[in-house]
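Report on one structure; see the data block that follows.
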Amino acid sequence: MTDHCCEAMSRRVNVRCDQHDDPFACPDALIDFSAKFQEYGLIIHDGGTSSITVGFCPWCGRHLPESQRDRWFDELEHRGIDPWEDEVPAEFQDDRWLAVPPQD
């Protein structure tokens, strides 16, 4: 469970809709949070799964964590895993991989 910067961000990230299973399909869902990348994004409601990454909370103004996207790809490459071709281990599907020390 991720602690977000403020209660407003937590509510928006955790919004659940009784009409839409997918937050990208729900017009009330505004923020997407990727636990594995530690990224926050404003959802673009165009029928896809796009979002615009944001660096500051729209509600409290706090600086959000640095993205771990590059580190995620680097760590998989270091382990010889191609995320486009190979099965990605379960611990890399969420934020569990962040607790594992980087391999040399």
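Chain identifiers are assigned as A, B, and so on, following the order in which chains appear in the structure tokens; residues are numbered from 1 within each chain, and ligands are numbered from 1 in order of appearance.
Once region 85-94 of chain A and its same-chain neighbours fewer than 6 positions away are set aside, Ser34, Ala35, Lys36, Phe37, Trp72 and Leu76 of chain A remain within 9 Å of it when counting only C-alpha atoms.
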Grab the residues selected above and save them as a compact mmCIF listing (two decimals), in the first residue's frame with all heavy atoms.
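Ended up saving to selection-v2.txt:
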# COMPACT_ATOMS: atom_id res chain seq x y z
N SER A 34 0.95 4.38 -11.02
CA SER A 34 1.66 3.15 -11.35
C SER A 34 2.60 2.83 -10.20
O SER A 34 3.62 3.52 -10.01
CB SER A 34 2.46 3.32 -12.64
OG SER A 34 3.33 2.23 -12.82
N ALA A 35 2.27 1.80 -9.42
CA ALA A 35 3.10 1.43 -8.27
C ALA A 35 4.48 0.97 -8.72
O ALA A 35 5.48 1.32 -8.10
CB ALA A 35 2.41 0.34 -7.46
N LYS A 36 4.54 0.21 -9.82
CA LYS A 36 5.85 -0.31 -10.23
C LYS A 36 6.79 0.78 -10.70
O LYS A 36 8.00 0.68 -10.54
CB LYS A 36 5.72 -1.41 -11.27
CG LYS A 36 5.33 -0.97 -12.65
CD LYS A 36 5.24 -2.17 -13.59
CE LYS A 36 4.75 -1.77 -14.96
NZ LYS A 36 4.55 -2.93 -15.80
N PHE A 37 6.25 1.85 -11.27
CA PHE A 37 7.09 2.97 -11.73
C PHE A 37 7.09 4.14 -10.75
O PHE A 37 7.86 5.08 -10.92
CB PHE A 37 6.61 3.48 -13.08
CG PHE A 37 6.74 2.50 -14.21
CD1 PHE A 37 5.79 2.45 -15.20
CD2 PHE A 37 7.82 1.64 -14.30
CE1 PHE A 37 5.90 1.57 -16.27
CE2 PHE A 37 7.95 0.74 -15.36
CZ PHE A 37 6.98 0.70 -16.34
N TRP A 72 13.47 0.53 -13.45
CA TRP A 72 12.74 -0.72 -13.64
C TRP A 72 13.26 -1.44 -14.89
O TRP A 72 13.59 -2.63 -14.84
CB TRP A 72 11.25 -0.43 -13.76
CG TRP A 72 10.33 -1.61 -13.83
CD1 TRP A 72 9.80 -2.29 -12.78
CD2 TRP A 72 9.80 -2.22 -15.01
NE1 TRP A 72 8.96 -3.30 -13.24
CE2 TRP A 72 8.95 -3.27 -14.60
CE3 TRP A 72 9.95 -1.98 -16.38
CZ2 TRP A 72 8.27 -4.08 -15.51
CZ3 TRP A 72 9.27 -2.79 -17.28
CH2 TRP A 72 8.44 -3.83 -16.84
N LEU A 76 15.51 -4.98 -15.06
CA LEU A 76 15.11 -6.15 -15.84
C LEU A 76 16.19 -6.51 -16.86
O LEU A 76 16.52 -7.68 -17.04
CB LEU A 76 13.78 -5.89 -16.56
CG LEU A 76 12.54 -5.86 -15.67
CD1 LEU A 76 11.31 -5.56 -16.51
CD2 LEU A 76 12.36 -7.14 -14.90
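Counting only C-alpha atoms, Val13 (chain A) has the following residues at most 9 Å away, ignoring those fewer than 3 positions along the same chain: His4, Ala8, Met9, Ser10, Arg16, Ala29, Leu30, Ile31, Asp32, Phe33 and Tyr40 of chain A.
Of all the residues in chain A, the ones DSSP labels as strand (DSSP E) from the backbone are A:Ile31, A:Asp32, A:Phe33, A:Ser34, A:Glu39, A:Tyr40, A:Gly41, A:Leu42, A:Ile43, A:Ser51, A:Ile52, A:Thr53, A:Val54.
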Can you spit out the residues from that selection as a PDB file, in the first residue's frame, using N, CA, C and O atoms?
ATOM      1  N   ILE A  31      -6.827  10.429 -11.773  1.00  0.00           N
ATOM      2  CA  ILE A  31      -5.405  10.150 -11.546  1.00  0.00           C
ATOM      3  C   ILE A  31      -5.126   8.660 -11.673  1.00  0.00           C
ATOM      4  O   ILE A  31      -5.844   7.831 -11.113  1.00  0.00           O
ATOM      5  N   ASP A  32      -4.079   8.335 -12.405  1.00  0.00           N
ATOM      6  CA  ASP A  32      -3.572   6.972 -12.484  1.00  0.00           C
ATOM      7  C   ASP A  32      -2.269   6.932 -11.689  1.00  0.00           C
ATOM      8  O   ASP A  32      -1.446   7.851 -11.794  1.00  0.00           O
ATOM      9  N   PHE A  33      -2.105   5.904 -10.870  1.00  0.00           N
ATOM     10  CA  PHE A  33      -0.852   5.717 -10.139  1.00  0.00           C
ATOM     11  C   PHE A  33      -0.273   4.375 -10.518  1.00  0.00           C
ATOM     12  O   PHE A  33      -0.931   3.345 -10.389  1.00  0.00           O
ATOM     13  N   SER A  34       0.954   4.380 -11.022  1.00  0.00           N
ATOM     14  CA  SER A  34       1.660   3.152 -11.346  1.00  0.00           C
ATOM     15  C   SER A  34       2.601   2.833 -10.196  1.00  0.00           C
ATOM     16  O   SER A  34       3.615   3.517 -10.010  1.00  0.00           O
ATOM     17  N   GLU A  39       4.826   6.419 -10.540  1.00  0.00           N
ATOM     18  CA  GLU A  39       4.430   7.570 -11.360  1.00  0.00           C
ATOM     19  C   GLU A  39       2.954   7.892 -11.170  1.00  0.00           C
ATOM     20  O   GLU A  39       2.117   6.988 -11.085  1.00  0.00           O
ATOM     21  N   TYR A  40       2.664   9.182 -11.150  1.00  0.00           N
ATOM     22  CA  TYR A  40       1.301   9.680 -11.127  1.00  0.00           C
ATOM     23  C   TYR A  40       1.012  10.321 -12.474  1.00  0.00           C
ATOM     24  O   TYR A  40       1.883  10.995 -13.031  1.00  0.00           O
ATOM     25  N   GLY A  41      -0.202  10.119 -12.969  1.00  0.00           N
ATOM     26  CA  GLY A  41      -0.553  10.723 -14.240  1.00  0.00           C
ATOM     27  C   GLY A  41      -2.006  11.150 -14.281  1.00  0.00           C
ATOM     28  O   GLY A  41      -2.867  10.542 -13.642  1.00  0.00           O
ATOM     29  N   LEU A  42      -2.251  12.216 -15.038  1.00  0.00           N
ATOM     30  CA  LEU A  42      -3.617  12.654 -15.307  1.00  0.00           C
ATOM     31  C   LEU A  42      -4.167  11.799 -16.438  1.00  0.00           C
ATOM     32  O   LEU A  42      -3.568  11.728 -17.520  1.00  0.00           O
ATOM     33  N   ILE A  43      -5.278  11.129 -16.190  1.00  0.00           N
ATOM     34  CA  ILE A  43      -5.864  10.227 -17.177  1.00  0.00           C
ATOM     35  C   ILE A  43      -6.425  11.025 -18.344  1.00  0.00           C
ATOM     36  O   ILE A  43      -7.139  12.012 -18.162  1.00  0.00           O
ATOM     37  N   SER A  51      -1.984   8.564 -20.101  1.00  0.00           N
ATOM     38  CA  SER A  51      -2.023   9.564 -19.038  1.00  0.00           C
ATOM     39  C   SER A  51      -0.834  10.495 -19.225  1.00  0.00           C
ATOM     40  O   SER A  51       0.144  10.145 -19.881  1.00  0.00           O
ATOM     41  N   ILE A  52      -0.931  11.664 -18.637  1.00  0.00           N
ATOM     42  CA  ILE A  52       0.151  12.645 -18.673  1.00  0.00           C
ATOM     43  C   ILE A  52       0.792  12.649 -17.297  1.00  0.00           C
ATOM     44  O   ILE A  52       0.140  12.947 -16.295  1.00  0.00           O
ATOM     45  N   THR A  53       2.074  12.289 -17.246  1.00  0.00           N
ATOM     46  CA  THR A  53       2.789  12.221 -15.971  1.00  0.00           C
ATOM     47  C   THR A  53       2.880  13.606 -15.348  1.00  0.00           C
ATOM     48  O   THR A  53       3.137  14.590 -16.036  1.00  0.00           O
ATOM     49  N   VAL A  54       2.629  13.660 -14.045  1.00  0.00           N
ATOM     50  CA  VAL A  54       2.706  14.924 -13.312  1.00  0.00           C
ATOM     51  C   VAL A  54       3.777  14.820 -12.233  1.00  0.00           C
ATOM     52  O   VAL A  54       4.001  13.753 -11.667  1.00  0.00           O
TER      53      VAL A  54
END
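Taking region 47-87 of chain A and asking which residues DSSP calls alpha helix (DSSP H) on the backbone, you get Arg69, Asp70, Arg71, Trp72, Phe73, Asp74, Glu75, Leu76, Glu77 and His78 of chain A.
Distances from A:Val15, A:Ala99, A:Cys5, A:Ala25 to Phe56 (chain A) were compared using only C-alpha atoms, and the smallest one belongs to A:Cys5.
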